[in-house]
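Please read the structure below before turning to the comments.
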Amino acid sequence: MYLYLLKHFKTTKRIGNDMEKGSFEVKVGLAEMLKGGVIMDVTTPEQAKLAEDAGAVAVMALERIPADIRKDGGIARMSNPEMIRNIQKAVSIPVMAKCRIGHFAEAQILEALEVDFIDESEVLTPADEENHIHKHDFKVPFVCGARDLGEALRRIGEGAALIRTKGEAGSGNIVEAVRHMRTIQSAIRKLTVLDAAQLMAESKALRAPFSLVEQVAKIGKLPVPNFSAGGIATPADAALMMQLGAEAVFVGSGIFKSEDPPARAQAIVEATTYYTDPEKLAQISAGLQAAMRGLDMSEIPPEERLQERGW
Amino acid sequence: MVITIGVLALQGDFARHQDVLHSLGCDVRQVRYRHDLDGLAGLIIPGGESTTISKQIDRNGLREGIIALARERPVMGTCAGLILMARESADDRITGLNLLDVAVTRNSWGRQIHSFTTPLEMRVNGQREMVPAVFIRAPRIQQLGSGVEVLAEIENEPVLVRQGPHLGATFHPELTADTRIHKLFLEAH
């Protein structure tokens, strides 16, 4: 017909030798592509397919969702590689996986599996109480949690290509994600009005790298995308976090701990696009059944709060 | 007169396209509803997840409006945007808009660890110039219709194509400071 295969295509010079992989630009590039989307925690290939069908931009492959990790106790580790592979086979969207804070050997294994993003996550039991992973050593991008601007900039200094609020994973309670997002945003706003001489003192107060503090003061936002995680259970929760400045949302336990995972997953996807349209949000939310039960923060003793892990 | 270009804002890096268009002096409208397409001088379908954007186009009744706009106005797609503009993507998760006579395969360079940057030689109107290009889990163009012109390629494969007023890139010009590809798109207006 009128189509012809490319091998018959007359070519000019070959430029492939100049290809550069694993640069910070390429890492942040994938985070850019996830904006305006929903990343869903899944534990099986079936759940992963459900997430993809609902319109998720990526899935987080893990053996137990945070609500169950919280309930079961014990040490929470990186997922079994076989389980991650099966999820990679099931879907075409990016697959993320979690390693323990500071556990660079788990991260090396996840990189060997070619996961698309590694979450150095407080949801798993930390492996190092002093040091997070030096993420510039990897070609695969990392996402890390943060409660405040200093924590976000320390992670970016180590090489994180994406920041998310920690919130309180597995709680179904949005209050901590809101606190963390507001804390980060107000610290950024403050930086933009300080004069040059005040930035070093602020860098000291934030315990953050000075060069990154200067950069944030100049551009008025984080130098990498800023997403929200930890407690999103409803379309309204997603809309709230987007209006507070999140550029995309992670939903962990909120979907598969609800009574209607497929409908809820799709509704949260829609809400993340139409977050400024209350009439549409009302319509999106109307048919849903019960959300996950959730926990009040007073039901989670301080020593059991996942957000306290890492620094 | 200042023209208004639409950027499909269902999901993806639409804000990056918006920044580039603003820097070139255009007004920009984020497109989420059918009526947002009215009166646009052109439309950009951004990078993002093609499965997500495809579903969102149909769930929110935008398909016919985009196809109708493309009959009269230029459309540019980058990465996921190109996949959606293609005649064929060999993936039943995607319902294409069939605006470019190309067949593509998704994520064809591999997973994120194989994403890359490279300089590209762009050939436009007899001129050759180098542009920086960022490829993120990029698609490949596997087949070309006879009306499709190749403006750049790597490893013998087209990565930037033009058909009539429409442009498609397997990479992300919106992620670099180089605005030449957006300028080329605006020249089709």
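Just so we're on the same page: first chain in the structure tokens is A, next is B, and so on; residues restart at 1 for each chain, and ligands are numbered from 1 in the order they show up.
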What are the closest atom pairs, with distances in Å to one decimal, for each residue of chain B lying within 9 Å of chain A, using only C-alpha atoms, rows by chain and rising residue number, as a tab-separated table?
```
residue	atom	partner	partner_atom	distance
B:Ala9	CA	A:Thr273	CA	7.8
B:Leu10	CA	A:Thr273	CA	5.6
B:Gln11	CA	A:Gly36	CA	4.6
B:Gly12	CA	A:Met33	CA	4.9
B:Asp13	CA	A:Met33	CA	5.4
B:Phe14	CA	A:Lys35	CA	8.6
B:Arg16	CA	A:Glu32	CA	8.6
B:Arg32	CA	A:Tyr274	CA	7.9
B:Pro46	CA	A:Met33	CA	8.8
B:Gly47	CA	A:Met33	CA	5.9
B:Gly48	CA	A:Met33	CA	4.2
B:Glu49	CA	A:Val57	CA	5.7
B:Ser50	CA	A:Val57	CA	8.7
B:Thr51	CA	A:Gly55	CA	6.7
B:Thr52	CA	A:Gly55	CA	4.5
B:Ile53	CA	A:Gly55	CA	7.9
B:Ser54	CA	A:Gly55	CA	8.8
B:Lys55	CA	A:Gly55	CA	6.6
B:Gln56	CA	A:Gly55	CA	7.7
B:Arg93	CA	A:Asp53	CA	8.0
B:Asp101	CA	A:Leu3	CA	9.0
B:Val102	CA	A:Leu3	CA	8.7
B:Arg106	CA	A:Ser92	CA	8.4
B:Asn107	CA	A:Ser92	CA	8.0
B:Arg111	CA	A:Asp116	CA	6.3
B:Gln112	CA	A:Asp116	CA	5.0
B:Ile113	CA	A:Val140	CA	5.4
B:His114	CA	A:Lys21	CA	6.3
B:Ser115	CA	A:Lys21	CA	5.9
B:Phe116	CA	A:Lys21	CA	4.4
B:Thr117	CA	A:Glu20	CA	5.2
B:Thr118	CA	A:Met19	CA	4.7
B:Pro119	CA	A:Asp18	CA	7.0
B:Leu120	CA	A:Ile15	CA	7.2
B:Glu121	CA	A:Ile15	CA	8.3
B:Val134	CA	A:Val26	CA	6.9
B:Phe135	CA	A:Val26	CA	7.7
B:Ile136	CA	A:Leu30	CA	6.2
B:Arg137	CA	A:Leu30	CA	8.0
B:Ile141	CA	A:Leu6	CA	8.6
B:Gln142	CA	A:Leu6	CA	6.5
B:Gln143	CA	A:Leu5	CA	5.6
B:Leu144	CA	A:Leu3	CA	5.8
B:Gly145	CA	A:Leu3	CA	5.0
B:Ser146	CA	A:Tyr2	CA	5.9
B:Glu153	CA	A:Thr12	CA	8.1
B:Ile154	CA	A:Ile15	CA	5.8
B:Glu155	CA	A:Arg14	CA	5.4
B:Asn156	CA	A:Thr11	CA	5.5
B:Glu157	CA	A:Leu6	CA	6.9
B:Pro158	CA	A:Leu6	CA	8.5
B:His172	CA	A:Gly29	CA	8.8
B:Leu175	CA	A:Gly29	CA	7.3
```
As a PyMOL selection string, please: the residues near Glu187 of chain B (cut-off 12 Å, only C-alpha atoms, same-chain neighbours under 3 positions excluded). chain B and resi 3+24+41-42+73-76+124+164-167+180-184
Need to verify the contact set: Ile75 of chain A, 10 Å, only C-alpha atoms, exclusion of same-chain residues closer than 5 positions in sequence. Can you return it as number ranges by chain? A: 69, 124-126
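A straight line drawn from atom CA of Gly126 of chain B to atom CA of Arg87 of chain B is 27.4 Å long.
Between atom CA of Ser285 of chain A and atom CA of Ala51 of chain A the interatomic distance comes to 17.7 Å.
Counting from atom CA of Ser186 of chain A, the distance to atom CA of Asp19 of chain B is 23.7 Å.
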Pick out the residues sitting within 9 Å of Ala217 of chain A, and hand them over as a PyMOL selection string; count only C-alpha atoms, and ignore anything fewer than 4 positions along from it in its own chain. chain A and resi 188-194+199+212-213+221
Could you give me, as a PyMOL selection string, the residues within 9 Å of Pro139 of chain B, counting only C-alpha atoms and dropping anything in the same chain fewer than 4 positions from it? chain B and resi 79-80+82-83+104-109+135+159+170-171
